[in-house]
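Enquirer: For reference, this is final_35.cif, and it has mmCIF, C-alpha atoms.
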data_input
#
loop_
_atom_site.label_atom_id
_atom_site.label_comp_id
_atom_site.auth_asym_id
_atom_site.auth_seq_id
_atom_site.Cartn_x
_atom_site.Cartn_y
_atom_site.Cartn_z
CA ASP Q 774 -15.97 -10.18 -11.12
CA ILE Q 775 -12.25 -10.08 -11.75
CA GLN Q 776 -10.61 -13.31 -10.58
CA MET Q 777 -7.24 -13.16 -8.83
CA THR Q 778 -5.02 -16.26 -8.86
CA GLN Q 779 -1.93 -16.54 -6.69
CA SER Q 780 0.97 -18.92 -7.08
CA PRO Q 781 2.25 -20.89 -5.42
CA SER Q 782 -0.42 -21.75 -2.84
CA SER Q 783 2.35 -22.44 -0.35
CA VAL Q 784 6.09 -22.06 -0.28
CA SER Q 785 8.82 -23.15 2.15
CA ALA Q 786 11.88 -20.98 2.63
CA SER Q 787 14.65 -20.22 5.10
CA VAL Q 788 15.60 -17.07 6.95
CA GLY Q 789 17.66 -14.92 4.59
CA ASP Q 790 16.13 -16.34 1.41
CA ARG Q 791 14.65 -14.24 -1.35
CA VAL Q 792 11.01 -15.16 -2.02
CA THR Q 793 8.67 -14.16 -4.83
CA ILE Q 794 4.90 -14.64 -4.86
CA ALA Q 795 2.89 -14.17 -8.04
CA CYS Q 796 -0.64 -12.89 -8.59
CA ARG Q 797 -2.49 -12.95 -11.90
CA ALA Q 798 -5.70 -11.07 -12.72
CA SER Q 799 -8.31 -12.48 -15.11
CA GLN Q 800 -8.32 -9.15 -16.94
CA GLY Q 801 -6.12 -6.07 -16.98
CA ILE Q 802 -6.24 -3.99 -13.81
CA SER Q 803 -3.48 -1.44 -14.55
CA THR Q 804 -1.60 -1.07 -11.26
CA TRP Q 805 -4.71 -1.32 -9.09
CA LEU Q 806 -3.34 -3.99 -6.80
CA ALA Q 807 -2.48 -4.36 -3.13
CA TRP Q 808 -0.66 -6.98 -1.07
CA TYR Q 809 -1.51 -7.94 2.53
CA GLN Q 810 0.21 -10.05 5.17
CA GLN Q 811 -1.84 -12.04 7.65
CA LYS Q 812 -0.48 -13.92 10.66
CA PRO Q 813 -2.55 -16.54 12.52
CA GLY Q 814 -5.21 -14.98 14.71
CA GLN Q 815 -4.55 -11.48 13.40
CA ALA Q 816 -6.16 -9.12 10.93
CA PRO Q 817 -4.48 -8.60 7.56
CA LYS Q 818 -1.91 -5.82 7.26
CA LEU Q 819 -1.45 -3.65 4.18
CA LEU Q 820 2.06 -3.97 2.72
CA ILE Q 821 1.91 -2.63 -0.83
CA PHE Q 822 -0.66 -0.55 -2.74
CA GLY Q 823 -0.75 0.66 -6.32
CA ALA Q 824 1.23 -2.49 -7.19
CA SER Q 825 4.57 -1.05 -6.04
CA SER Q 826 4.08 1.64 -3.36
CA LEU Q 827 5.25 0.65 0.10
CA GLN Q 828 2.80 1.34 2.90
CA SER Q 829 4.19 3.55 5.68
CA GLY Q 830 6.06 1.55 8.31
CA VAL Q 831 6.56 -1.55 6.16
CA PRO Q 832 10.19 -2.72 5.90
CA SER Q 833 11.97 -2.04 2.62
CA ARG Q 834 12.73 -5.74 2.11
CA PHE Q 835 9.15 -5.95 0.79
CA SER Q 836 8.62 -4.81 -2.79
CA GLY Q 837 5.93 -5.15 -5.42
CA SER Q 838 5.95 -4.95 -9.20
CA GLY Q 839 3.79 -5.53 -12.23
CA SER Q 840 0.92 -4.04 -14.19
CA GLY Q 841 -1.93 -5.24 -16.35
CA THR Q 842 -2.51 -8.88 -15.38
CA ASP Q 843 0.74 -10.06 -13.77
CA PHE Q 844 2.11 -8.94 -10.43
CA THR Q 845 4.74 -10.07 -7.95
CA LEU Q 846 5.53 -9.56 -4.29
CA THR Q 847 9.18 -10.02 -3.38
CA ILE Q 848 10.72 -10.34 0.05
CA SER Q 849 14.43 -9.74 -0.44
CA SER Q 850 15.78 -11.39 2.72
CA LEU Q 851 13.30 -13.35 4.81
CA GLN Q 852 13.09 -12.56 8.49
CA PRO Q 853 11.48 -14.83 11.11
CA GLU Q 854 8.51 -12.48 11.45
CA ASP Q 855 7.73 -12.74 7.71
CA PHE Q 856 6.34 -16.26 7.91
CA ALA Q 857 2.64 -15.68 7.29
CA THR Q 858 -0.02 -15.86 4.60
CA TYR Q 859 0.02 -13.25 1.83
CA TYR Q 860 -2.97 -12.07 -0.20
CA CYS Q 861 -3.23 -9.92 -3.30
CA GLN Q 862 -6.30 -7.72 -3.81
CA GLN Q 863 -7.57 -5.97 -6.90
CA ALA Q 864 -8.80 -2.55 -5.84
CA ASN Q 865 -11.39 -1.56 -8.47
CA ASN Q 866 -14.75 -0.85 -6.84
CA PHE Q 867 -16.56 -1.91 -10.02
CA PRO Q 868 -17.82 -4.53 -10.32
CA GLY Q 869 -16.32 -5.42 -6.98
CA ILE Q 870 -13.12 -5.91 -5.00
CA THR Q 871 -11.59 -9.37 -5.03
CA PHE Q 872 -8.75 -11.16 -3.27
CA GLY Q 873 -6.43 -13.92 -4.33
CA GLN Q 874 -6.75 -17.23 -2.52
CA GLY Q 875 -3.59 -16.63 -0.48
CA THR Q 876 -0.02 -17.93 -0.37
CA ARG Q 877 1.24 -19.52 2.81
CA LEU Q 878 4.91 -18.85 3.49
CA GLU Q 879 6.37 -21.52 5.78
CA ILE Q 880 9.71 -22.08 7.43
CA LYS Q 881 11.86 -24.73 5.72
CA GLN D 846 -3.77 6.78 16.17
CA VAL D 847 -6.41 5.14 14.03
CA GLN D 848 -8.25 2.30 15.75
CA LEU D 849 -11.15 0.11 14.73
CA VAL D 850 -12.63 -1.86 17.62
CA GLN D 851 -15.20 -4.53 16.88
CA SER D 852 -17.80 -6.14 19.09
CA GLY D 853 -17.21 -9.51 20.69
CA ALA D 854 -17.70 -13.05 19.47
CA GLU D 855 -21.22 -14.33 18.83
CA VAL D 856 -22.75 -17.80 18.91
CA LYS D 857 -26.07 -18.00 17.11
CA GLU D 858 -28.55 -20.63 16.01
CA ALA D 859 -29.23 -21.10 12.31
CA GLY D 860 -31.95 -18.71 11.17
CA ALA D 861 -31.16 -16.10 13.82
CA PRO D 862 -29.88 -12.62 12.97
CA VAL D 863 -26.59 -11.11 14.12
CA LYS D 864 -25.31 -7.54 14.32
CA VAL D 865 -21.62 -6.76 14.49
CA SER D 866 -20.31 -3.29 15.34
CA CYS D 867 -17.08 -1.50 14.48
CA LYS D 868 -16.16 1.66 16.40
CA ALA D 869 -13.67 4.00 14.77
CA SER D 870 -11.37 6.51 16.42
CA GLY D 871 -8.31 8.58 15.59
CA TYR D 872 -9.59 10.07 12.32
CA THR D 873 -12.57 11.94 10.90
CA PHE D 874 -15.14 9.17 10.71
CA THR D 875 -17.26 10.67 7.94
CA THR D 876 -14.44 11.06 5.42
CA TYR D 877 -13.85 7.36 4.76
CA ALA D 878 -15.83 4.35 3.63
CA MET D 879 -15.82 1.31 5.87
CA HIS D 880 -15.62 -2.09 4.25
CA TRP D 881 -16.48 -5.54 5.58
CA VAL D 882 -14.44 -8.66 4.80
CA ARG D 883 -15.31 -12.22 5.75
CA GLN D 884 -12.93 -15.10 6.43
CA ALA D 885 -14.35 -18.59 6.91
CA PRO D 886 -12.29 -20.98 9.08
CA GLY D 887 -9.04 -21.87 7.34
CA GLN D 888 -10.09 -19.99 4.21
CA GLY D 889 -9.17 -16.79 2.39
CA LEU D 890 -10.55 -13.27 2.46
CA GLU D 891 -13.92 -12.42 0.90
CA TRP D 892 -15.00 -8.82 0.34
CA MET D 893 -18.61 -8.13 1.37
CA GLY D 894 -19.08 -4.47 0.50
CA TRP D 895 -18.84 -0.99 2.01
CA ILE D 896 -20.73 1.88 3.57
CA ASN D 897 -19.87 5.52 3.04
CA ALA D 898 -19.68 6.77 6.62
CA GLY D 899 -20.49 10.30 5.50
CA ASN D 900 -23.69 9.91 3.49
CA GLY D 901 -24.65 6.30 4.33
CA ASN D 902 -24.49 5.06 0.73
CA THR D 903 -23.75 1.38 0.44
CA LYS D 904 -22.44 -1.12 -2.07
CA TYR D 905 -22.72 -4.86 -1.59
CA SER D 906 -20.91 -7.71 -3.24
CA GLN D 907 -23.24 -9.79 -5.38
CA ASN D 908 -22.59 -12.73 -3.04
CA PHE D 909 -24.08 -10.81 -0.11
CA GLN D 910 -26.66 -8.55 -1.78
CA GLY D 911 -29.99 -8.97 -0.02
CA ARG D 912 -28.53 -10.91 2.92
CA VAL D 913 -26.52 -8.27 4.75
CA THR D 914 -27.15 -4.65 5.66
CA PHE D 915 -24.59 -2.00 6.57
CA THR D 916 -25.56 1.01 8.67
CA ARG D 917 -23.72 3.69 10.56
CA ASP D 918 -24.16 6.03 13.53
CA THR D 919 -22.10 9.15 12.97
CA SER D 920 -22.63 10.38 16.54
CA ALA D 921 -20.94 7.21 17.80
CA SER D 922 -18.40 6.86 14.96
CA THR D 923 -19.63 3.31 14.58
CA VAL D 924 -20.65 1.16 11.65
CA TYR D 925 -22.77 -1.97 11.86
CA MET D 926 -23.16 -5.12 9.82
CA ASP D 927 -26.43 -7.06 10.03
CA VAL D 928 -26.92 -10.57 8.72
CA GLY D 929 -30.64 -11.27 8.66
CA SER D 930 -30.83 -15.06 8.75
CA LEU D 931 -27.69 -17.04 9.48
CA THR D 932 -26.74 -20.37 8.00
CA SER D 933 -23.83 -22.63 8.93
CA GLU D 934 -21.94 -21.22 5.94
CA ASP D 935 -21.88 -17.84 7.70
CA THR D 936 -19.57 -19.19 10.40
CA ALA D 937 -16.55 -16.95 9.95
CA VAL D 938 -14.48 -14.08 11.27
CA TYR D 939 -15.87 -10.76 10.09
CA TYR D 940 -13.51 -7.78 9.75
CA CYS D 941 -14.22 -4.11 9.25
CA ALA D 942 -11.52 -2.27 7.31
CA ARG D 943 -11.10 1.40 6.50
CA GLY D 944 -11.04 2.02 2.78
CA ARG D 945 -8.46 4.49 1.53
CA ILE D 946 -9.92 5.71 -1.74
CA VAL D 947 -7.86 6.55 -4.81
CA VAL D 948 -9.70 8.12 -7.74
CA VAL D 949 -8.25 7.46 -11.19
CA PRO D 950 -9.79 8.14 -14.61
CA GLY D 951 -12.73 5.80 -14.93
CA ALA D 952 -12.39 4.05 -11.57
CA TYR D 953 -12.60 4.27 -7.80
CA LEU D 954 -10.00 2.18 -6.01
CA TYR D 955 -10.02 1.05 -2.40
CA TYR D 956 -7.08 -0.08 -0.31
CA PHE D 957 -7.61 -1.26 3.27
CA ASP D 958 -5.14 0.57 5.50
CA TYR D 959 -6.61 -0.15 8.94
CA TRP D 960 -8.51 -3.21 10.11
CA GLY D 961 -10.56 -4.15 13.13
CA GLN D 962 -9.48 -7.10 15.24
CA GLY D 963 -12.20 -9.33 13.79
CA THR D 964 -15.41 -10.77 15.22
CA LEU D 965 -15.98 -14.53 15.19
CA VAL D 966 -19.55 -15.49 14.42
CA THR D 967 -20.33 -19.15 15.02
CA VAL D 968 -23.59 -20.57 13.70
CA SER D 969 -24.90 -23.77 15.20
CA SER D 970 -27.46 -25.87 13.34
#
Would you write out, as structure tokens, the structure that this file holds?
Expert:
Amino acid sequence: DIQMTQSPSSVSASVGDRVTIACRASQGISTWLAWYQQKPGQAPKLLIFGASSLQSGVPSRFSGSGSGTDFTLTISSLQPEDFATYYCQQANNFPGITFGQGTRLEIK
Amino acid sequence: QVQLVQSGAEVKEAGAPVKVSCKASGYTFTTYAMHWVRQAPGQGLEWMGWINAGNGNTKYSQNFQGRVTFTRDTSASTVYMDVGSLTSEDTAVYYCARGRIVVVPGAYLYYFDYWGQGTLVTVSS
């Protein structure tokens, strides 16, 4: 399986900050990557697909970039509701879909 | 609007089976695959596999092959996940998630655009 590694595992930031989370694939996956946000006690929510396409209804302060093995999720100006855990996911059905281990975004 | 509603929490003894359901509404059930994702307490997301709601074809992650079974009832717009013999390591929240498929040269891609609320399965030893 393709391994997905996120960094950092956790990050502290303040409202209004710009935050970047990285995700690296163990082999090239083109732009076949998604990002999800999960808040405690809730199901994950799709933010970005195809590495850089914003899911309908997601605020434009979220953006994604990258291709091949290296990807980033950027939140341009943190809002209070953005404090959550973020996961990347490689989308190729073969050999199987995999997630990163998650990045916890905490209030400083 | 699209909704996925899962069955309620379960408490089971080790060795017992469990069946979790996921009822879909707000879209044409048979035109999407439904995936299952597991999340152990305090841990990350683990993909389990999918069922094609139209033809019933399935694909399982190697980690779950032979231990779980996905089925569907098209008349009820519901998919099911069966775990045959639970162990304490199966204690987790189980999510169903609709798979939006994107076909590219040489690959089928799935993105999960709608999720159920999750079902907590607790296994006591």
Enquirer: For chain Q, which residues have at least one atom within 6 Å of chain D, if we go by only C-alpha atoms? Write them as an MDAnalysis selection string, please.
Expert: chainID Q and resid 816 819 864:866 874
Enquirer: For this structure, which residues satisfy the selection - the PyMOL selection byres ((chain D and resi 848) around 9) - when it is evaluated on the file as given? I want them as an NGL selection string.
Expert: :D and (846-847 or 849-850 or 868-872 or 959-961)
Enquirer: Pull out every residue that the PyMOL selection byres ((chain Q and resi 860) around 6) matches in the shown coordinates and put them as a ChimeraX atom specification.
Expert: /Q:808-809,859,861,873,875
Enquirer: Can you spell out as a PyMOL selection string the set of residues that the PyMOL selection byres ((chain Q and resi 783-786) around 12) selects in the structure I just provided?
Expert: chain Q and resi 779-782+787-795+848-853+855-860+874-881
Enquirer: Here is a test: counting only C-alpha atoms, which residue of Q:Gly869, Q:Gly823, Q:Phe844, Q:Ser833 is nearest to Arg797 of chain Q?
Expert: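 Of Q:Gly869, Q:Gly823, Q:Phe844, Q:Ser833, the one nearest Arg797 of chain Q is Q:Phe844, counting only C-alpha atoms.
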Enquirer: May I ask for the distance between atom CA of Met777 of chain Q and atom CA of Gln815 of chain Q, given in Å to one decimal place?
Expert: 22.5 Å
Enquirer: Counting all atoms listed in the file, which residue out of D:Gly944, D:Glu934, D:Cys867, D:Gly899 sits closest to Gly853 of chain D?
Expert: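 Using all atoms listed in the file, Gly853 of chain D sits closest to D:Cys867.
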Enquirer: Please report the interatomic distance between atom CA of Leu806 of chain Q and atom CA of Glu854 of chain Q in Å with one decimal.
Expert: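 It comes out at 23.4 Å.
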Enquirer: Take atom CA of Gly860 of chain D and atom CA of Thr914 of chain D and report the distance between them in Å, one decimal.
Expert: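 According to the coordinates, atom CA of Gly860 of chain D and atom CA of Thr914 of chain D are separated by 15.8 Å.
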Enquirer: Give me, as a list in words, all polymer residues having an atom no more than 10 Å from Ile775 of chain Q, counting all atoms listed in the file and skipping those fewer than 3 positions away in the same chain.
Expert: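 Here the qualifying residues turn out to be Thr778, Ala798, Ser799, Gln800, Gly801, Ile802, Gln863, Asn865, Phe867, Pro868, Gly869, Ile870, Thr871 and Phe872 of chain Q.
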Enquirer: Nearest to Gln810 of chain Q among Q:Ser840, Q:Val831, Q:Cys796, Q:Ala824, with distances taken over all atoms listed in the file: which residue is it?
Expert: Q:Val831
